[in-house]
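Shown next: data16.cif, containing mmCIF, C-alpha atoms.
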```
data_model
loop_
_atom_site.group_PDB
_atom_site.id
_atom_site.type_symbol
_atom_site.label_atom_id
_atom_site.label_comp_id
_atom_site.auth_asym_id
_atom_site.auth_seq_id
_atom_site.Cartn_x
_atom_site.Cartn_y
_atom_site.Cartn_z
ATOM 1 C CA MET Z 1 196.835 -106.959 -26.002
ATOM 2 C CA SER Z 2 194.000 -109.204 -24.854
ATOM 3 C CA THR Z 3 195.234 -108.958 -21.256
ATOM 4 C CA MET Z 4 194.962 -105.167 -21.405
ATOM 5 C CA LEU Z 5 191.479 -105.406 -22.912
ATOM 6 C CA GLU Z 6 190.428 -107.841 -20.169
ATOM 7 C CA PHE Z 7 191.813 -105.466 -17.552
ATOM 8 C CA LEU Z 8 189.895 -102.507 -19.021
ATOM 9 C CA ASN Z 9 186.671 -104.507 -19.222
ATOM 10 C CA SER Z 10 187.115 -105.660 -15.638
ATOM 11 C CA PHE Z 11 187.919 -102.142 -14.463
ATOM 12 C CA VAL Z 12 184.857 -100.700 -16.170
ATOM 13 C CA TYR Z 13 182.615 -103.452 -14.867
ATOM 14 C CA ASN Z 14 183.895 -103.397 -11.271
ATOM 15 C CA TYR Z 15 184.092 -99.617 -10.916
ATOM 16 C CA GLY Z 16 181.516 -98.529 -13.466
ATOM 17 C CA TYR Z 17 179.348 -96.243 -11.373
ATOM 18 C CA PRO Z 18 182.150 -94.450 -9.478
ATOM 19 C CA ASN Z 19 184.076 -93.968 -12.750
ATOM 20 C CA LEU Z 20 180.951 -92.644 -14.440
ATOM 21 C CA PHE Z 21 180.279 -90.193 -11.622
ATOM 22 C CA ILE Z 22 183.838 -88.839 -11.656
ATOM 23 C CA LEU Z 23 184.013 -88.631 -15.445
ATOM 24 C CA SER Z 24 180.594 -86.942 -15.660
ATOM 25 C CA PHE Z 25 181.597 -84.473 -12.956
ATOM 26 C CA LEU Z 26 184.845 -83.581 -14.715
ATOM 27 C CA ALA Z 27 183.148 -83.382 -18.109
ATOM 28 C CA SER Z 28 180.859 -80.608 -16.876
ATOM 29 C CA THR Z 29 183.746 -78.423 -15.873
ATOM 30 C CA VAL Z 30 185.890 -76.994 -18.638
ATOM 31 C CA LEU Z 31 187.992 -80.133 -19.090
ATOM 32 C CA PRO Z 32 187.772 -81.319 -22.700
ATOM 33 C CA ILE Z 33 186.454 -84.791 -21.898
ATOM 34 C CA GLY Z 34 183.142 -86.515 -22.356
ATOM 35 C CA SER Z 35 181.208 -89.138 -20.473
ATOM 36 C CA GLU Z 36 179.025 -90.383 -23.309
ATOM 37 C CA ALA Z 37 181.281 -93.291 -24.290
ATOM 38 C CA LEU Z 38 181.250 -94.653 -20.746
ATOM 39 C CA VAL Z 39 177.459 -94.342 -20.594
ATOM 40 C CA VAL Z 40 177.191 -96.418 -23.765
ATOM 41 C CA ALA Z 41 179.781 -98.930 -22.529
ATOM 42 C CA LEU Z 42 178.061 -99.471 -19.196
ATOM 43 C CA ILE Z 43 174.621 -99.929 -20.698
ATOM 44 C CA SER Z 44 176.080 -102.255 -23.314
ATOM 45 C CA GLN Z 45 177.624 -104.347 -20.509
ATOM 46 C CA GLY Z 46 174.247 -104.757 -18.827
ATOM 47 C CA PHE Z 47 174.282 -101.968 -16.259
ATOM 48 C CA SER Z 48 170.853 -100.592 -15.413
ATOM 49 C CA PRO Z 49 170.046 -97.755 -17.838
ATOM 50 C CA PHE Z 50 168.137 -95.918 -15.084
ATOM 51 C CA ASN Z 51 171.076 -96.121 -12.664
ATOM 52 C CA VAL Z 52 173.518 -95.071 -15.391
ATOM 53 C CA ILE Z 53 171.326 -92.075 -16.267
ATOM 54 C CA MET Z 54 171.013 -90.989 -12.640
ATOM 55 C CA VAL Z 55 174.716 -91.382 -11.788
ATOM 56 C CA ALA Z 56 175.807 -89.524 -14.929
ATOM 57 C CA THR Z 57 173.203 -86.798 -14.370
ATOM 58 C CA ALA Z 58 174.209 -86.330 -10.726
ATOM 59 C CA GLY Z 59 177.909 -86.122 -11.547
ATOM 60 C CA ASN Z 60 177.368 -83.765 -14.464
ATOM 61 C CA TYR Z 61 174.982 -81.577 -12.470
ATOM 62 C CA LEU Z 62 177.379 -81.294 -9.511
ATOM 63 C CA GLY Z 63 180.244 -80.425 -11.847
ATOM 64 C CA SER Z 64 178.083 -77.659 -13.312
ATOM 65 C CA CYS Z 65 177.324 -76.419 -9.797
ATOM 66 C CA THR Z 66 181.048 -76.157 -9.160
ATOM 67 C CA THR Z 67 181.498 -74.031 -12.270
ATOM 68 C CA TYR Z 68 178.460 -71.924 -11.310
ATOM 69 C CA PHE Z 69 179.869 -71.211 -7.836
ATOM 70 C CA ILE Z 70 183.229 -70.263 -9.284
ATOM 71 C CA GLY Z 71 181.353 -67.953 -11.670
ATOM 72 C CA LEU Z 72 179.792 -66.260 -8.640
ATOM 73 C CA LYS Z 73 183.308 -65.190 -7.624
ATOM 74 C CA GLY Z 74 183.611 -63.035 -10.749
ATOM 75 C CA ARG Z 75 185.602 -62.853 -13.971
ATOM 76 C CA PRO Z 76 189.070 -62.626 -12.370
ATOM 77 C CA VAL Z 77 188.576 -65.954 -10.588
ATOM 78 C CA LEU Z 78 187.077 -67.564 -13.711
ATOM 79 C CA GLU Z 79 189.940 -66.388 -15.846
ATOM 80 C CA LYS Z 80 192.479 -67.586 -13.276
ATOM 81 C CA TYR Z 81 191.121 -71.132 -12.968
ATOM 82 C CA PHE Z 82 189.287 -71.805 -16.220
ATOM 83 C CA SER Z 83 190.549 -69.400 -18.883
ATOM 84 C CA PRO Z 84 187.237 -69.333 -20.757
ATOM 85 C CA SER Z 85 187.359 -67.842 -24.193
ATOM 86 C CA PRO Z 86 185.867 -64.339 -24.318
ATOM 87 C CA GLU Z 87 183.843 -65.412 -27.377
ATOM 88 C CA LYS Z 88 182.105 -68.232 -25.492
ATOM 89 C CA LEU Z 89 181.349 -65.990 -22.523
ATOM 90 C CA GLU Z 90 179.967 -63.259 -24.773
ATOM 91 C CA LYS Z 91 177.851 -65.777 -26.704
ATOM 92 C CA SER Z 92 176.481 -67.165 -23.435
ATOM 93 C CA GLU Z 93 175.702 -63.680 -22.149
ATOM 94 C CA ARG Z 94 173.812 -62.923 -25.382
ATOM 95 C CA LEU Z 95 171.846 -66.164 -25.003
ATOM 96 C CA PHE Z 96 170.898 -65.244 -21.416
ATOM 97 C CA LYS Z 97 169.803 -61.782 -22.476
ATOM 98 C CA ARG Z 98 167.707 -63.218 -25.289
ATOM 99 C CA TYR Z 99 166.217 -66.365 -23.693
ATOM 100 C CA GLY Z 100 166.649 -65.783 -19.968
ATOM 101 C CA VAL Z 101 167.136 -68.598 -17.491
ATOM 102 C CA TYR Z 102 165.839 -71.179 -19.990
ATOM 103 C CA THR Z 103 169.280 -70.983 -21.569
ATOM 104 C CA LEU Z 104 170.307 -73.277 -18.700
ATOM 105 C CA LEU Z 105 168.455 -76.167 -20.346
ATOM 106 C CA PHE Z 106 171.274 -76.205 -22.890
ATOM 107 C CA THR Z 107 174.224 -76.622 -20.553
ATOM 108 C CA TRP Z 108 174.641 -80.124 -22.000
ATOM 109 C CA VAL Z 109 175.668 -78.722 -25.393
ATOM 110 C CA PRO Z 110 179.371 -79.402 -25.995
ATOM 111 C CA GLY Z 111 181.536 -76.327 -26.360
ATOM 112 C CA ILE Z 112 179.167 -73.789 -24.862
ATOM 113 C CA GLY Z 113 177.548 -75.606 -21.918
ATOM 114 C CA ASP Z 114 180.396 -74.856 -19.540
ATOM 115 C CA ALA Z 115 180.363 -71.201 -20.519
ATOM 116 C CA ILE Z 116 176.617 -71.066 -19.853
ATOM 117 C CA THR Z 117 177.132 -72.315 -16.294
ATOM 118 C CA MET Z 118 179.943 -69.801 -15.785
ATOM 119 C CA VAL Z 119 177.811 -66.938 -17.014
ATOM 120 C CA ALA Z 120 174.902 -68.074 -14.824
ATOM 121 C CA GLY Z 121 177.213 -67.625 -11.855
ATOM 122 C CA LEU Z 122 178.560 -64.317 -13.131
ATOM 123 C CA MET Z 123 174.985 -63.049 -13.578
ATOM 124 C CA HIS Z 124 173.962 -64.323 -10.126
ATOM 125 C CA ILE Z 125 171.094 -66.363 -11.568
ATOM 126 C CA SER Z 126 168.980 -67.882 -8.803
ATOM 127 C CA PHE Z 127 170.503 -71.187 -7.715
ATOM 128 C CA LYS Z 128 167.015 -72.667 -7.475
ATOM 129 C CA TYR Z 129 166.315 -71.988 -11.163
ATOM 130 C CA PHE Z 130 169.849 -72.975 -12.066
ATOM 131 C CA SER Z 131 169.458 -76.331 -10.297
ATOM 132 C CA ILE Z 132 166.099 -77.232 -11.781
ATOM 133 C CA LEU Z 133 166.931 -76.291 -15.365
ATOM 134 C CA VAL Z 134 170.474 -77.658 -15.423
ATOM 135 C CA PHE Z 135 169.390 -80.960 -13.851
ATOM 136 C CA LEU Z 136 166.558 -81.327 -16.385
ATOM 137 C CA GLY Z 137 168.885 -80.561 -19.293
ATOM 138 C CA LYS Z 138 171.543 -83.002 -18.119
ATOM 139 C CA PHE Z 139 168.945 -85.687 -17.393
ATOM 140 C CA GLY Z 140 167.449 -85.246 -20.869
ATOM 141 C CA ARG Z 141 170.843 -85.650 -22.466
ATOM 142 C CA TYR Z 142 171.703 -88.869 -20.651
ATOM 143 C CA PHE Z 143 168.191 -90.220 -21.107
ATOM 144 C CA ALA Z 144 168.520 -89.708 -24.869
ATOM 145 C CA ILE Z 145 171.934 -91.421 -24.937
ATOM 146 C CA ALA Z 146 170.652 -94.357 -22.864
ATOM 147 C CA TYR Z 147 167.516 -94.681 -24.974
ATOM 148 C CA LEU Z 148 169.464 -94.649 -28.232
ATOM 149 C CA THR Z 149 171.982 -97.137 -26.854
ATOM 150 C CA THR Z 150 169.212 -99.493 -25.741
ATOM 151 C CA PHE Z 151 167.170 -99.009 -28.915
ATOM 152 C CA LEU Z 152 170.096 -99.440 -31.313
ATOM 153 C CA SER Z 153 171.435 -102.519 -29.533
ATOM 154 C CA LYS Z 154 168.248 -104.505 -30.235
#
```
Let me see the file written as structure tokens.
Amino acid sequence: MSTMLEFLNSFVYNYGYPNLFILSFLASTVLPIGSEALVVALISQGFSPFNVIMVATAGNYLGSCTTYFIGLKGRPVLEKYFSPSPEKLEKSERLFKRYGVYTLLFTWVPGIGDAITMVAGLMHISFKYFSILVFLGKFGRYFAIAYLTTFLSK
């Protein structure tokens, strides 16, 4: 058991940033995984909080861009590759109609964030606004996690 734990610790330490990027990227598609635990683990092992925030934000943002571009292809393509629930898509569409592009600040919210990026593509939201707002939302999320990890570990 301790050998496996040593292997995992070594793996995380030696490949921390690439693993974080990949996990953050995948987490912002519709895969039911999260990157928060790895963010906490890396910071707890002494990785630079700033670097962890930026790597996680970049991966998560680029994953959202992927979902956005697939959304641009229309509902048939989304349903073929992602099978989003109609309820989540409808809820996201209502949010866009009510709050506009600022809805994109909430793409970090588990459960609905992926649907928001899909709907942004379906609605042909400007990629410039998409990029700015999604990046800020993702950055804010990882900043909060890193801050809490650093603050609570003291």
Using all atoms listed in the file, I'd like a table of the residues in range 19-109 of chain Z that come within 9 Å of range 135-141 of chain Z; for each, show the closest atom pair and its distance in Å rounded to one decimal, ordered by chain and ascending number, as a tab-separated table.
```
residue	atom	partner	partner_atom	distance
Z:Ile53	CA	Z:Phe139	CA	6.9
Z:Met54	CA	Z:Phe139	CA	7.4
Z:Ala56	CA	Z:Phe139	CA	8.2
Z:Thr57	CA	Z:Phe139	CA	5.3
Z:Ala58	CA	Z:Phe135	CA	7.9
Z:Asn60	CA	Z:Lys138	CA	6.9
Z:Tyr61	CA	Z:Phe135	CA	5.8
Z:Leu104	CA	Z:Gly137	CA	7.4
Z:Leu105	CA	Z:Gly137	CA	4.5
Z:Phe106	CA	Z:Gly137	CA	6.1
Z:Thr107	CA	Z:Gly137	CA	6.8
Z:Trp108	CA	Z:Lys138	CA	5.7
Z:Val109	CA	Z:Arg141	CA	8.9
```
task: Enumerate, as a ChimeraX atom specification, the residues matched when the PyMOL selection byres ((chain Z and resi 38) around 10) is run on the file above.
output: /Z:12,16-17,19-20,23-24,34-37,39-44,52,56
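Residues with any atom within 9 Å of range 65-81 of chain Z, counting all atoms listed in the file and excluding same-chain neighbours fewer than 4 positions away, are Ser28, Thr29, Val30, Asn60, Tyr61, Ser85, Asp114, Ala115, Ile116, Thr117, Met118, Val119, Ala120, Gly121, Leu122, Met123, His124, Phe127, Phe130, Ser131 and Val134 of chain Z.
Across Z:Ser153, Z:Phe47, Z:Tyr15, Z:Gly100, the tightest approach to Tyr129 in chain Z is made by Z:Gly100 when counting only C-alpha atoms.
The coordinates place CA of Lys91 in chain Z at 23.2 Å from CA of Leu62 in chain Z.
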